[in-house]
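Have a look at data-v8.tsv below; it lists TSV, C-alpha atoms and all ligand atoms.
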```
chain	number	residue	atom	x	y	z
G	570	MET	CA	217.87	-13.24	1.95
G	571	ARG	CA	214.50	-14.85	1.46
G	572	THR	CA	214.84	-16.58	4.81
G	573	ALA	CA	215.55	-13.37	6.75
G	574	THR	CA	212.07	-13.19	8.27
G	575	LEU	CA	211.70	-16.95	8.70
G	576	GLN	CA	212.96	-19.38	11.31
G	577	ARG	CA	213.96	-23.01	11.20
G	578	TYR	CA	211.12	-25.35	12.15
G	579	ALA	CA	211.85	-26.19	15.76
G	580	PRO	CA	209.15	-28.27	17.44
G	581	ASP	CA	209.65	-29.15	21.12
G	582	LEU	CA	211.57	-32.44	21.05
G	583	THR	CA	212.34	-32.96	24.73
G	584	PRO	CA	211.50	-36.59	25.52
G	585	CYS	CA	207.92	-37.05	26.62
G	586	ARG	CA	206.09	-40.22	27.71
G	587	ILE	CA	203.16	-39.63	25.37
G	588	ASP	CA	203.53	-37.49	22.24
G	589	LEU	CA	200.27	-36.41	20.62
G	590	SER	CA	201.61	-33.22	19.06
G	591	ASP	CA	202.09	-33.99	15.36
G	592	ASN	CA	199.06	-35.98	14.12
G	593	THR	CA	201.17	-38.96	13.10
G	594	ASN	CA	199.66	-42.42	13.46
G	595	ALA	CA	199.53	-43.34	17.18
G	596	TRP	CA	198.96	-47.01	16.25
G	597	GLY	CA	202.07	-47.38	14.11
G	598	MET	CA	202.31	-48.39	10.45
G	599	PRO	CA	201.05	-51.31	8.36
G	600	PRO	CA	203.13	-54.46	9.10
G	601	ALA	CA	203.36	-54.93	5.31
G	602	ALA	CA	205.35	-51.68	5.10
G	603	GLN	CA	207.70	-52.77	7.87
G	604	ARG	CA	208.27	-56.15	6.22
G	605	ALA	CA	209.01	-54.47	2.89
G	606	ILE	CA	211.81	-52.41	4.40
G	607	ALA	CA	213.21	-55.19	6.57
G	608	GLY	CA	213.64	-57.40	3.51
G	609	ALA	CA	214.75	-54.67	1.13
G	610	GLU	CA	217.72	-55.65	-1.01
G	611	LEU	CA	219.28	-52.43	-2.22
G	612	THR	CA	221.37	-51.70	-5.29
G	613	PRO	CA	223.91	-48.88	-5.64
G	614	ARG	CA	221.76	-47.26	-8.35
G	615	TYR	CA	219.36	-44.32	-8.11
G	616	PRO	CA	215.64	-44.99	-7.96
G	617	THR	CA	213.59	-43.84	-10.99
G	618	PRO	CA	213.68	-40.00	-11.15
G	619	TYR	CA	210.01	-39.48	-10.26
G	620	GLY	CA	209.06	-42.72	-8.49
G	621	ASP	CA	207.42	-44.91	-11.14
G	622	ASP	CA	206.54	-47.85	-8.85
G	623	LEU	CA	205.11	-45.48	-6.28
G	624	LYS	CA	203.03	-43.74	-8.94
G	625	ALA	CA	201.61	-47.09	-10.05
G	626	ALA	CA	200.62	-47.93	-6.47
G	627	ILE	CA	199.06	-44.48	-5.96
G	628	ALA	CA	197.17	-44.85	-9.25
G	629	SER	CA	195.66	-48.11	-8.07
G	630	TYR	CA	194.83	-46.64	-4.64
G	631	THR	CA	193.26	-43.40	-5.91
G	632	GLY	CA	191.85	-44.56	-9.23
G	633	MET	CA	193.72	-41.77	-11.02
G	634	PRO	CA	196.02	-42.30	-14.05
G	635	VAL	CA	199.81	-42.26	-13.46
G	636	GLU	CA	200.22	-39.18	-15.71
G	637	MET	CA	198.18	-37.23	-13.15
G	638	ILE	CA	200.37	-38.16	-10.17
G	639	VAL	CA	203.45	-36.39	-8.76
G	640	THR	CA	205.31	-37.81	-5.77
G	641	GLY	CA	207.54	-36.09	-3.26
G	642	CYS	CA	209.61	-36.16	-0.09
G	643	GLY	CA	206.47	-35.81	2.02
G	644	SER	CA	203.55	-33.75	0.78
G	645	ASP	CA	205.47	-30.73	2.09
G	646	ASP	CA	207.79	-31.23	-0.88
G	647	VAL	CA	204.84	-31.46	-3.28
G	648	LEU	CA	203.23	-28.32	-1.83
G	649	ASP	CA	206.51	-26.40	-2.00
G	650	SER	CA	207.18	-27.54	-5.58
G	651	ALA	CA	203.61	-26.77	-6.66
G	652	ILE	CA	203.82	-23.25	-5.24
G	653	ARG	CA	207.12	-22.69	-7.04
G	654	ALA	CA	205.79	-24.12	-10.31
G	655	LEU	CA	202.41	-22.39	-10.35
G	656	GLY	CA	203.13	-19.02	-8.76
G	657	ARG	CA	205.58	-16.31	-9.73
G	658	PRO	CA	207.59	-14.14	-7.31
G	659	GLY	CA	205.48	-11.21	-6.12
G	660	GLU	CA	202.17	-13.01	-6.63
G	661	ARG	CA	199.88	-13.82	-3.71
G	662	LEU	CA	199.12	-17.10	-2.01
G	663	ALA	CA	195.88	-16.82	-0.02
G	664	PHE	CA	194.62	-19.12	2.74
G	665	VAL	CA	192.05	-19.04	5.53
G	666	THR	CA	193.57	-18.78	9.02
G	667	PRO	CA	194.27	-20.72	11.07
G	668	THR	CA	195.73	-23.37	8.80
G	669	PHE	CA	198.81	-25.51	8.16
G	670	VAL	CA	201.75	-23.52	9.57
G	671	MET	CA	204.15	-24.38	6.72
G	672	ILE	CA	202.10	-22.63	4.04
G	673	PRO	CA	203.13	-19.00	4.69
G	674	ALA	CA	206.75	-20.19	4.87
G	675	PHE	CA	206.53	-22.07	1.55
G	676	ALA	CA	204.95	-18.97	-0.01
G	677	GLN	CA	207.77	-16.73	1.19
G	678	LEU	CA	210.52	-19.17	0.30
G	679	ASN	CA	209.25	-19.13	-3.28
G	680	GLY	CA	208.95	-15.35	-3.39
G	681	LEU	CA	205.15	-15.25	-3.08
G	682	VAL	CA	203.28	-13.04	-0.65
G	683	PRO	CA	201.29	-14.97	1.98
G	684	VAL	CA	197.79	-13.47	2.31
G	685	PRO	CA	195.82	-14.74	5.32
G	686	VAL	CA	192.04	-14.21	5.07
G	687	ALA	CA	189.36	-14.62	7.73
G	688	SER	CA	186.81	-16.78	5.93
G	689	PHE	CA	186.40	-19.11	2.98
G	690	THR	CA	184.31	-16.57	1.05
G	691	ASP	CA	187.21	-14.07	1.28
G	692	LEU	CA	189.41	-16.42	-0.75
G	693	ALA	CA	187.57	-15.59	-3.98
G	694	THR	CA	188.35	-11.89	-3.63
G	695	SER	CA	191.87	-12.29	-2.17
G	696	GLY	CA	193.63	-11.79	-5.50
G	697	GLY	CA	195.67	-14.91	-4.81
G	698	ARG	CA	197.32	-16.60	-7.77
G	699	ILE	CA	197.27	-19.68	-5.56
G	700	LEU	CA	194.34	-20.34	-3.20
G	701	TYR	CA	195.32	-22.88	-0.54
G	702	VAL	CA	192.51	-24.93	0.97
G	703	CYS	CA	193.21	-27.50	3.69
G	704	SER	CA	190.46	-30.10	4.11
G	705	PRO	CA	190.14	-31.43	6.75
G	706	ASN	CA	191.92	-28.36	8.05
G	707	ASN	CA	194.93	-28.54	10.32
G	708	PRO	CA	194.55	-27.44	13.16
G	709	THR	CA	190.73	-27.17	13.34
G	710	GLY	CA	189.63	-30.45	11.71
G	711	ALA	CA	186.97	-28.68	9.63
G	712	VAL	CA	186.03	-29.96	6.18
G	713	VAL	CA	185.63	-27.74	3.13
G	714	THR	CA	182.86	-29.25	1.01
G	715	ARG	CA	183.06	-30.15	-2.66
G	716	GLY	CA	180.34	-27.55	-3.29
G	717	GLU	CA	182.45	-24.84	-1.66
G	718	ILE	CA	185.49	-25.74	-3.77
G	719	GLU	CA	183.40	-25.81	-6.95
G	720	GLY	CA	181.97	-22.42	-5.95
G	721	LEU	CA	185.50	-21.06	-5.47
G	722	LEU	CA	186.54	-22.30	-8.92
G	723	GLY	CA	183.45	-20.68	-10.43
G	724	ALA	CA	184.08	-17.38	-8.66
G	725	THR	CA	187.74	-17.03	-9.69
G	726	ARG	CA	189.71	-16.43	-12.87
G	727	ASP	CA	191.27	-18.97	-15.19
G	728	ASP	CA	194.79	-18.15	-14.00
G	729	GLN	CA	194.03	-18.83	-10.33
G	730	VAL	CA	194.87	-22.27	-8.98
G	731	VAL	CA	193.17	-23.99	-6.05
G	732	LEU	CA	195.65	-26.07	-4.06
G	733	VAL	CA	193.71	-28.56	-1.91
G	734	ASP	CA	195.65	-30.20	0.92
G	735	GLU	CA	194.02	-33.53	1.79
G	736	ALA	CA	196.61	-34.80	4.28
G	737	TYR	CA	193.75	-36.19	6.41
G	738	ALA	CA	191.43	-37.39	3.61
G	739	GLU	CA	191.39	-41.02	4.80
G	740	PHE	CA	189.91	-39.96	8.13
G	741	ALA	CA	187.29	-37.77	6.45
G	742	GLY	CA	186.29	-40.51	4.02
G	743	ALA	CA	185.83	-37.84	1.36
G	744	SER	CA	188.01	-36.32	-1.33
G	745	VAL	CA	187.80	-33.90	-4.24
G	746	VAL	CA	190.55	-35.69	-6.19
G	747	ASP	CA	188.12	-36.31	-9.07
G	748	LEU	CA	187.80	-32.53	-9.63
G	749	THR	CA	191.33	-32.64	-11.08
G	750	ARG	CA	189.96	-34.59	-14.06
G	751	MET	CA	187.56	-31.78	-14.91
G	752	SER	CA	189.67	-28.74	-14.12
G	753	ASP	CA	193.24	-27.73	-14.89
G	754	ARG	CA	193.05	-25.28	-11.98
G	755	VAL	CA	193.00	-27.83	-9.17
G	756	VAL	CA	195.91	-29.60	-7.48
G	757	VAL	CA	195.19	-32.04	-4.63
G	758	THR	CA	197.98	-33.16	-2.28
G	759	ARG	CA	197.98	-36.23	-0.04
G	760	THR	CA	200.46	-37.88	2.28
G	761	MET	CA	201.58	-41.27	3.56
G	762	SER	CA	202.47	-39.60	6.89
G	763	LYS	CA	199.13	-39.72	8.67
G	764	ALA	CA	196.64	-42.56	8.06
G	765	PHE	CA	199.39	-44.82	6.68
G	766	GLY	CA	201.84	-44.07	9.50
G	767	LEU	CA	204.90	-43.46	7.30
G	768	ALA	CA	205.84	-39.93	8.48
G	769	GLY	CA	209.44	-41.01	9.12
G	770	LEU	CA	209.86	-42.21	5.55
G	771	ARG	CA	208.74	-38.91	3.99
G	772	VAL	CA	206.37	-39.81	1.16
G	773	GLY	CA	203.65	-37.60	-0.25
G	774	TYR	CA	201.94	-37.07	-3.58
G	775	GLY	CA	199.87	-34.68	-5.62
G	776	ILE	CA	197.16	-35.19	-8.21
G	777	ALA	CA	196.49	-32.82	-11.09
G	778	ARG	CA	196.18	-32.64	-14.87
G	779	ALA	CA	199.25	-34.03	-16.66
G	780	LYS	CA	200.44	-30.57	-17.74
G	781	LEU	CA	200.44	-29.34	-14.13
G	782	VAL	CA	202.12	-32.52	-12.93
G	783	ALA	CA	204.92	-32.00	-15.46
G	784	ALA	CA	205.42	-28.42	-14.24
G	785	ILE	CA	205.45	-29.50	-10.58
G	786	GLU	CA	207.90	-32.34	-11.28
G	787	THR	CA	210.18	-29.93	-13.10
G	788	SER	CA	210.25	-27.57	-10.13
G	789	ARG	CA	210.57	-30.48	-7.69
G	790	GLY	CA	213.60	-32.13	-9.28
G	791	PRO	CA	214.44	-35.84	-9.59
G	792	TYR	CA	215.10	-38.53	-6.92
G	793	LYS	CA	213.13	-37.04	-4.02
G	794	VAL	CA	211.73	-40.35	-2.75
G	795	SER	CA	214.36	-42.88	-1.65
G	796	SER	CA	214.21	-46.52	-2.81
G	797	VAL	CA	213.49	-47.64	0.75
G	798	SER	CA	210.66	-45.15	1.22
G	799	GLU	CA	209.20	-46.06	-2.15
G	800	ARG	CA	209.12	-49.76	-1.26
G	801	ALA	CA	207.48	-49.14	2.09
G	802	ALA	CA	204.87	-46.84	0.54
G	803	VAL	CA	204.09	-49.30	-2.28
G	804	ALA	CA	203.59	-52.08	0.30
G	805	ALA	CA	201.42	-49.83	2.48
G	806	LEU	CA	199.24	-48.85	-0.49
G	807	SER	CA	198.75	-52.45	-1.60
G	808	ASP	CA	198.94	-54.96	1.27
G	809	GLY	CA	198.56	-52.33	4.01
G	810	ARG	CA	195.20	-50.92	2.99
G	811	ASP	CA	193.13	-53.06	5.36
G	812	TRP	CA	195.41	-52.13	8.24
G	813	MET	CA	194.93	-48.47	7.34
G	814	THR	CA	191.10	-48.60	7.21
G	815	THR	CA	190.91	-50.59	10.46
G	816	HIS	CA	193.02	-48.01	12.26
G	817	VAL	CA	191.20	-45.06	10.73
G	818	THR	CA	188.02	-46.51	12.24
G	819	LEU	CA	189.74	-46.84	15.63
G	820	ALA	CA	190.97	-43.24	15.41
G	821	ILE	CA	187.47	-41.98	14.67
G	822	GLU	CA	186.04	-43.96	17.62
G	823	SER	CA	188.72	-42.55	19.94
G	824	ARG	CA	188.12	-39.03	18.64
G	825	GLU	CA	184.38	-39.13	19.23
G	826	ARG	CA	184.77	-40.66	22.69
G	827	LEU	CA	187.37	-38.04	23.57
G	828	ALA	CA	185.00	-35.28	22.38
G	829	VAL	CA	182.25	-36.62	24.66
G	830	GLU	CA	184.62	-36.70	27.64
G	831	LEU	CA	185.88	-33.18	26.94
G	832	ARG	CA	182.32	-31.85	26.67
G	833	ALA	CA	181.51	-33.50	30.00
G	834	ARG	CA	184.28	-31.27	31.40
G	835	GLY	CA	182.68	-28.13	30.02
G	836	LEU	CA	185.07	-27.86	27.07
G	837	GLU	CA	183.89	-27.41	23.47
G	838	PRO	CA	186.13	-29.29	21.02
G	839	LEU	CA	185.53	-28.30	17.40
G	840	GLU	CA	183.88	-30.86	15.17
G	841	SER	CA	186.72	-32.72	13.44
G	842	ALA	CA	186.96	-35.01	10.42
G	843	ALA	CA	190.64	-35.80	11.08
G	844	ASN	CA	192.73	-37.75	13.63
G	845	PHE	CA	192.90	-34.84	16.07
G	846	LEU	CA	190.67	-32.49	18.02
G	847	PHE	CA	191.08	-28.75	18.45
G	848	VAL	CA	189.96	-27.69	21.90
G	849	PRO	CA	189.57	-23.93	22.39
G	850	VAL	CA	190.93	-22.96	25.84
G	851	ALA	CA	192.46	-19.77	27.26
G	852	ASN	CA	196.28	-19.67	27.58
G	853	ALA	CA	196.65	-22.87	25.58
G	854	VAL	CA	200.42	-22.55	25.15
G	855	ALA	CA	200.95	-22.36	28.93
G	856	LEU	CA	198.50	-25.22	29.47
G	857	ALA	CA	200.36	-27.37	26.90
G	858	ALA	CA	203.62	-26.66	28.76
G	859	ARG	CA	202.03	-27.85	32.02
G	860	LEU	CA	200.82	-31.03	30.27
G	861	VAL	CA	204.44	-31.74	29.26
G	862	GLY	CA	205.17	-31.69	33.00
G	863	LYS	CA	202.66	-34.57	33.27
G	864	GLY	CA	204.39	-36.49	30.47
G	865	ILE	CA	201.94	-35.53	27.74
G	866	ARG	CA	202.73	-33.43	24.70
G	867	VAL	CA	199.93	-31.87	22.66
G	868	ARG	CA	200.20	-28.77	20.45
G	869	GLY	CA	199.27	-25.46	22.04
G	870	PHE	CA	198.15	-22.69	19.66
G	871	SER	CA	197.91	-19.03	20.59
G	872	GLU	CA	195.81	-17.66	17.73
G	873	PRO	CA	193.15	-18.80	18.25
G	874	SER	CA	194.07	-20.16	21.67
G	875	GLY	CA	193.52	-23.91	21.82
G	876	LEU	CA	195.02	-27.36	22.22
G	877	ARG	CA	195.35	-29.67	19.23
G	878	ILE	CA	195.30	-33.24	20.49
G	879	THR	CA	196.19	-36.14	18.18
G	880	VAL	CA	193.97	-39.12	18.91
G	881	GLY	CA	195.35	-42.54	19.75
G	882	PRO	CA	194.33	-45.77	21.49
G	883	TRP	CA	191.74	-45.14	24.22
G	884	PRO	CA	193.98	-45.87	27.27
G	885	VAL	CA	196.29	-43.11	26.04
G	886	MET	CA	193.34	-40.72	25.70
G	887	GLN	CA	192.35	-41.54	29.28
G	888	ASP	CA	195.87	-40.54	30.38
G	889	VAL	CA	195.43	-37.25	28.53
G	890	LEU	CA	192.10	-36.59	30.24
G	891	ASP	CA	193.55	-37.39	33.68
G	892	ALA	CA	196.50	-35.05	33.08
G	893	LEU	CA	194.20	-32.35	31.77
G	894	ASP	CA	192.02	-32.64	34.87
G	895	GLU	CA	195.09	-32.24	37.09
G	896	VAL	CA	196.55	-29.22	35.32
G	897	ARG	CA	193.20	-27.46	35.00
G	898	GLN	CA	192.55	-27.91	38.72
G	899	CYS	CA	195.67	-25.91	39.48
G	900	GLU	CA	194.44	-22.93	37.45
J	1	LIG	C1	200.96	-33.47	8.28
J	1	LIG	C2	200.51	-32.55	7.20
J	1	LIG	C3	201.08	-32.58	5.94
J	1	LIG	C4	202.02	-33.68	5.58
J	1	LIG	O1	203.26	-33.51	5.64
J	1	LIG	P1	204.26	-34.58	5.02
J	1	LIG	O2	205.30	-33.69	4.46
J	1	LIG	O3	203.53	-35.35	3.97
J	1	LIG	O4	204.68	-35.42	6.15
J	1	LIG	C5	200.61	-31.76	4.94
J	1	LIG	N1	199.60	-30.92	5.19
J	1	LIG	C6	199.01	-30.87	6.38
J	1	LIG	C7	197.86	-29.99	6.58
J	1	LIG	C8	199.45	-31.67	7.43
J	1	LIG	O5	198.87	-31.59	8.62
```
Write out the structure in this file as structure tokens.
Amino acid sequence: MRTATLQRYAPDLTPCRIDLSDNTNAWGMPPAAQRAIAGAELTPRYPTPYGDDLKAAIASYTGMPVEMIVTGCGSDDVLDSAIRALGRPGERLAFVTPTFVMIPAFAQLNGLVPVPVASFTDLATSGGRILYVCSPNNPTGAVVTRGEIEGLLGATRDDQVVLVDEAYAEFAGASVVDLTRMSDRVVVTRTMSKAFGLAGLRVGYGIARAKLVAAIETSRGPYKVSSVSERAAVAALSDGRDWMTTHVTLAIESRERLAVELRARGLEPLESAANFLFVPVANAVALAARLVGKGIRVRGFSEPSGLRITVGPWPVMQDVLDALDEVRQCE
């Protein structure tokens, strides 16, 4: 069985006063999205197979033509479908560690061999049919520059595809989506789960040349975005855009203030372009467990050891700092 060496995704779900463990939007979602669902009149019919209304809204938001857009049940679905469409069983999928935890699993589930490499320059020589690049990277928050991605395309063969995961692009204020116009070797994925606050509705999308989009849609299958989710996402992308940018600004302010406070405590959070900070600390998994005891859930990583803290409104960040001070004192 392909799943023999894999496990079900099982995040800690015990109730916790403050949950900053999954980088969802701590401020909520655009009111326009909520209104769209509350007033949704539903029919007994299927939605369009590949989400035509959603594609139109994404086209207007990204400035890309509808033929270059593929939607999905979260960007996880788009990543999984893209890997299945663009890689063949036995081929390699390379990525720099640490990165998004689902990627090795999606590789294996589609018969590809996950190949972790230590640095970005190693990607070019990894022999990967698919080269996964997460920017800003989860869990570190680091950005891969346009120049680096162009360099990677130049240093690799025509049959190698660069899969760029831009789940946090809105927070970074930068994107390489336009590279998909020039190259048929680039796929960029995005999500409505983070800056737009729609994680519960499961909506993501990918951007690539029309030929790649057709292949990814074929491997994805029809009807992956529900009518309700599509309506909420369309509303978020049209009337919810101001809400999104306002709250991205608040997240960045919180993140930078949190970084200052952490540095004042002798910690060294990594520079982040996303809505979270990675804070290298020893025994992070044990520390995260002690924070749960104080009512605060963040994500503890063991390799490298560190806490990934989603940012939220400042009073919540102050609670995190207070709890961190308490649990570190007991060390
Ligand atoms: C959160 C996240 C996703 C998005 O997942 P969805 O399936 O769209 O909710 C994708 N990639 C990375 C790196 C993420 O952190």
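Between ligand LIG 1 (chain J) and the residues G:Thr617, G:Thr760, G:Thr572, G:Thr690, the shortest atom-to-atom distance, using only C-alpha atoms and all ligand atoms, involves G:Thr760.
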Mind running range 677-742 of chain G against range 638-650 of chain G at 12 Å and telling me each contacting residue's nearest atom pair with the distance in Å (one decimal), counting only C-alpha atoms, chain and number ascending, as CSV?
```
residue,atom,partner,partner_atom,distance
G:Gln677,CA,G:Asp649,CA,10.3
G:Leu678,CA,G:Asp649,CA,8.6
G:Asn679,CA,G:Asp649,CA,7.9
G:Gly680,CA,G:Asp649,CA,11.4
G:Leu681,CA,G:Asp649,CA,11.3
G:Ile699,CA,G:Leu648,CA,11.1
G:Tyr701,CA,G:Leu648,CA,9.7
G:Val702,CA,G:Leu648,CA,11.6
G:Cys703,CA,G:Leu648,CA,11.5
G:Val731,CA,G:Leu648,CA,11.7
G:Leu732,CA,G:Leu648,CA,8.2
G:Val733,CA,G:Leu648,CA,9.5
G:Asp734,CA,G:Leu648,CA,8.3
G:Glu735,CA,G:Ser644,CA,9.6
G:Ala736,CA,G:Ser644,CA,7.8
G:Tyr737,CA,G:Ser644,CA,11.6
```
Task: Test item: residues at most 9 Å from Gly881 in chain G, all atoms listed in the file, excluding those fewer than 3 positions along its chain, as JSON, numbers by chain - done: {"G": [589, 594, 595, 596, 819, 820, 823, 824, 844, 845, 884, 885, 886]}
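In terms of minimum interatomic distance to ligand LIG 1 (chain J), G:Ser590 ranks closest within G:Ser590, G:Ser871, G:Gln729, G:Gln898, counting all atoms listed in the file.
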Task: Top pick for closest residue to ligand LIG 1 (chain J), considering G:Arg810, G:Lys763, G:Lys780, G:Arg715 and counting only C-alpha atoms and all ligand atoms - done: G:Lys763
- [ ] Do a neighbour search on Ala676 in chain G at 12 Å with all atoms listed in the file, toss out local chain neighbours closer than 3 positions, and write the hits as a ChimeraX atom specification.
- [x] /G:571-572,575,645,648-664,670-673,679-685,697-701
- [ ] Would you mind reading off the distance between atom O4 of ligand LIG 1 (chain J) and CA of Ala609 in chain G, one decimal, in Å?
- [x] 22.3 Å
List the spatial neighbours of Met813 in chain G as a PDB file with C-alpha atoms, in the frame of the given file - criterion: any atom at most 7 Å away, only C-alpha atoms, same-chain residues fewer than 6 positions off excluded.
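To be explicit, this is the file written out as around.pdb:
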```
ATOM      1  CA  PRO G 599     201.050 -51.310   8.360  1.00  0.00           C
ATOM      2  CA  ALA G 764     196.640 -42.560   8.060  1.00  0.00           C
ATOM      3  CA  PHE G 765     199.390 -44.820   6.680  1.00  0.00           C
TER       4      PHE G 765
END
```
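A straight line drawn from CA of Arg832 in chain G to CA of Pro849 in chain G is 11.6 Å long.
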Task: Gap from CA of Ala783 in chain G to CA of Met761 in chain G - Å, one decimal - done: 21.4 Å
- [ ] Check the smallest atom-to-atom distance from each of G:Phe689, G:Phe740, G:Tyr774, G:Tyr619 to ligand LIG 1 (chain J) using all atoms listed in the file, then report the winner.
- [x] G:Tyr774
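Near Ala858 in chain G, within a cut-off of 12 Å and counting only C-alpha atoms, sit the residues Asp581, Thr583, Cys585, Ser590, Asn852, Ala853, Val854, Gly862, Lys863, Gly864, Ile865, Arg866, Val867, Arg868, Gly869, Phe870, Leu876, Ala892, Leu893 and Val896 of chain G, with same-chain residues fewer than 4 positions away left out.
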- [ ] Would you please work out which residue, of G:Gly775, G:Gly809, G:Gly790, G:Gly716, is nearest to Arg604 in chain G when using only C-alpha atoms?
- [x] G:Gly809
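Closest approach to ligand LIG 1 (chain J) among G:Ile821, G:Val745, G:Leu767, G:Val686 is made by G:Leu767 (distances from only C-alpha atoms and all ligand atoms).
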Quick one: 6 Å padding each side, axis-aligned, all listed atoms of range 618-632 of chain G - centre and edge lengths in Å to one decimal, as JSON?
```
{"center_x": 202.8, "center_y": -43.8, "center_z": -7.9, "size_x": 33.8, "size_y": 20.6, "size_z": 18.5}
```
Open item on the list: If we count all atoms listed in the file and set the cut-off at 8 Å, which residues sit around Pro705 in chain G, ignoring sequence neighbours fewer than 2 positions away in its own chain? Please answer as a list in words.
Closed with: Cys703, Asn707, Thr709, Gly710, Ala711, Val712, Val713, Glu735, Ala736, Tyr737, Ala738, Ala741, Ser841, Ala842 and Ala843 of chain G
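Every residue within 6 Å of the file position (210.3, -43.5, 0.7), judged by only C-alpha atoms, is given as Leu770, Arg771, Val772, Val794, Ser795, Val797, Ser798 and Glu799 of chain G.
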Could you pull range 672-683 of chain G out of the structure I just pasted and write it to a file containing N, CA, C and O atoms, as a PDB file, in the first residue's frame?
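And here's part_32.pdb as it stands now:
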```pdb
ATOM      1  N   ILE G 672       4.202  18.080   1.767  1.00  0.00           N
ATOM      2  CA  ILE G 672       4.823  17.828   0.470  1.00  0.00           C
ATOM      3  C   ILE G 672       5.409  16.413   0.314  1.00  0.00           C
ATOM      4  O   ILE G 672       5.117  15.733  -0.675  1.00  0.00           O
ATOM      5  N   PRO G 673       6.199  15.932   1.283  1.00  0.00           N
ATOM      6  CA  PRO G 673       6.690  14.551   1.142  1.00  0.00           C
ATOM      7  C   PRO G 673       5.545  13.551   1.071  1.00  0.00           C
ATOM      8  O   PRO G 673       5.621  12.561   0.322  1.00  0.00           O
ATOM      9  N   ALA G 674       4.471  13.814   1.795  1.00  0.00           N
ATOM     10  CA  ALA G 674       3.313  12.902   1.770  1.00  0.00           C
ATOM     11  C   ALA G 674       2.651  12.921   0.393  1.00  0.00           C
ATOM     12  O   ALA G 674       2.360  11.869  -0.181  1.00  0.00           O
ATOM     13  N   PHE G 675       2.433  14.109  -0.167  1.00  0.00           N
ATOM     14  CA  PHE G 675       1.820  14.185  -1.501  1.00  0.00           C
ATOM     15  C   PHE G 675       2.714  13.501  -2.542  1.00  0.00           C
ATOM     16  O   PHE G 675       2.217  12.861  -3.468  1.00  0.00           O
ATOM     17  N   ALA G 676       4.030  13.646  -2.394  1.00  0.00           N
ATOM     18  CA  ALA G 676       4.951  12.972  -3.317  1.00  0.00           C
ATOM     19  C   ALA G 676       4.720  11.470  -3.242  1.00  0.00           C
ATOM     20  O   ALA G 676       4.439  10.807  -4.247  1.00  0.00           O
ATOM     21  N   GLN G 677       4.786  10.921  -2.032  1.00  0.00           N
ATOM     22  CA  GLN G 677       4.642   9.474  -1.852  1.00  0.00           C
ATOM     23  C   GLN G 677       3.292   8.947  -2.302  1.00  0.00           C
ATOM     24  O   GLN G 677       3.207   7.889  -2.929  1.00  0.00           O
ATOM     25  N   LEU G 678       2.240   9.703  -1.982  1.00  0.00           N
ATOM     26  CA  LEU G 678       0.896   9.248  -2.355  1.00  0.00           C
ATOM     27  C   LEU G 678       0.728   9.164  -3.861  1.00  0.00           C
ATOM     28  O   LEU G 678      -0.114   8.424  -4.360  1.00  0.00           O
ATOM     29  N   ASN G 679       1.548   9.917  -4.599  1.00  0.00           N
ATOM     30  CA  ASN G 679       1.468   9.877  -6.054  1.00  0.00           C
ATOM     31  C   ASN G 679       2.591   9.043  -6.664  1.00  0.00           C
ATOM     32  O   ASN G 679       2.841   9.111  -7.867  1.00  0.00           O
ATOM     33  N   GLY G 680       3.287   8.292  -5.802  1.00  0.00           N
ATOM     34  CA  GLY G 680       4.312   7.372  -6.295  1.00  0.00           C
ATOM     35  C   GLY G 680       5.659   8.021  -6.554  1.00  0.00           C
ATOM     36  O   GLY G 680       6.571   7.369  -7.059  1.00  0.00           O
ATOM     37  N   LEU G 681       5.808   9.308  -6.221  1.00  0.00           N
ATOM     38  CA  LEU G 681       7.102   9.969  -6.426  1.00  0.00           C
ATOM     39  C   LEU G 681       7.980   9.804  -5.190  1.00  0.00           C
ATOM     40  O   LEU G 681       7.488   9.520  -4.088  1.00  0.00           O
ATOM     41  N   VAL G 682       9.272  10.008  -5.384  1.00  0.00           N
ATOM     42  CA  VAL G 682      10.219   9.851  -4.285  1.00  0.00           C
ATOM     43  C   VAL G 682      10.543  11.232  -3.714  1.00  0.00           C
ATOM     44  O   VAL G 682      11.086  12.084  -4.420  1.00  0.00           O
ATOM     45  N   PRO G 683      10.196  11.494  -2.431  1.00  0.00           N
ATOM     46  CA  PRO G 683      10.540  12.787  -1.853  1.00  0.00           C
ATOM     47  C   PRO G 683      12.046  12.894  -1.628  1.00  0.00           C
ATOM     48  O   PRO G 683      12.649  11.972  -1.068  1.00  0.00           O
TER      49      PRO G 683
END
```
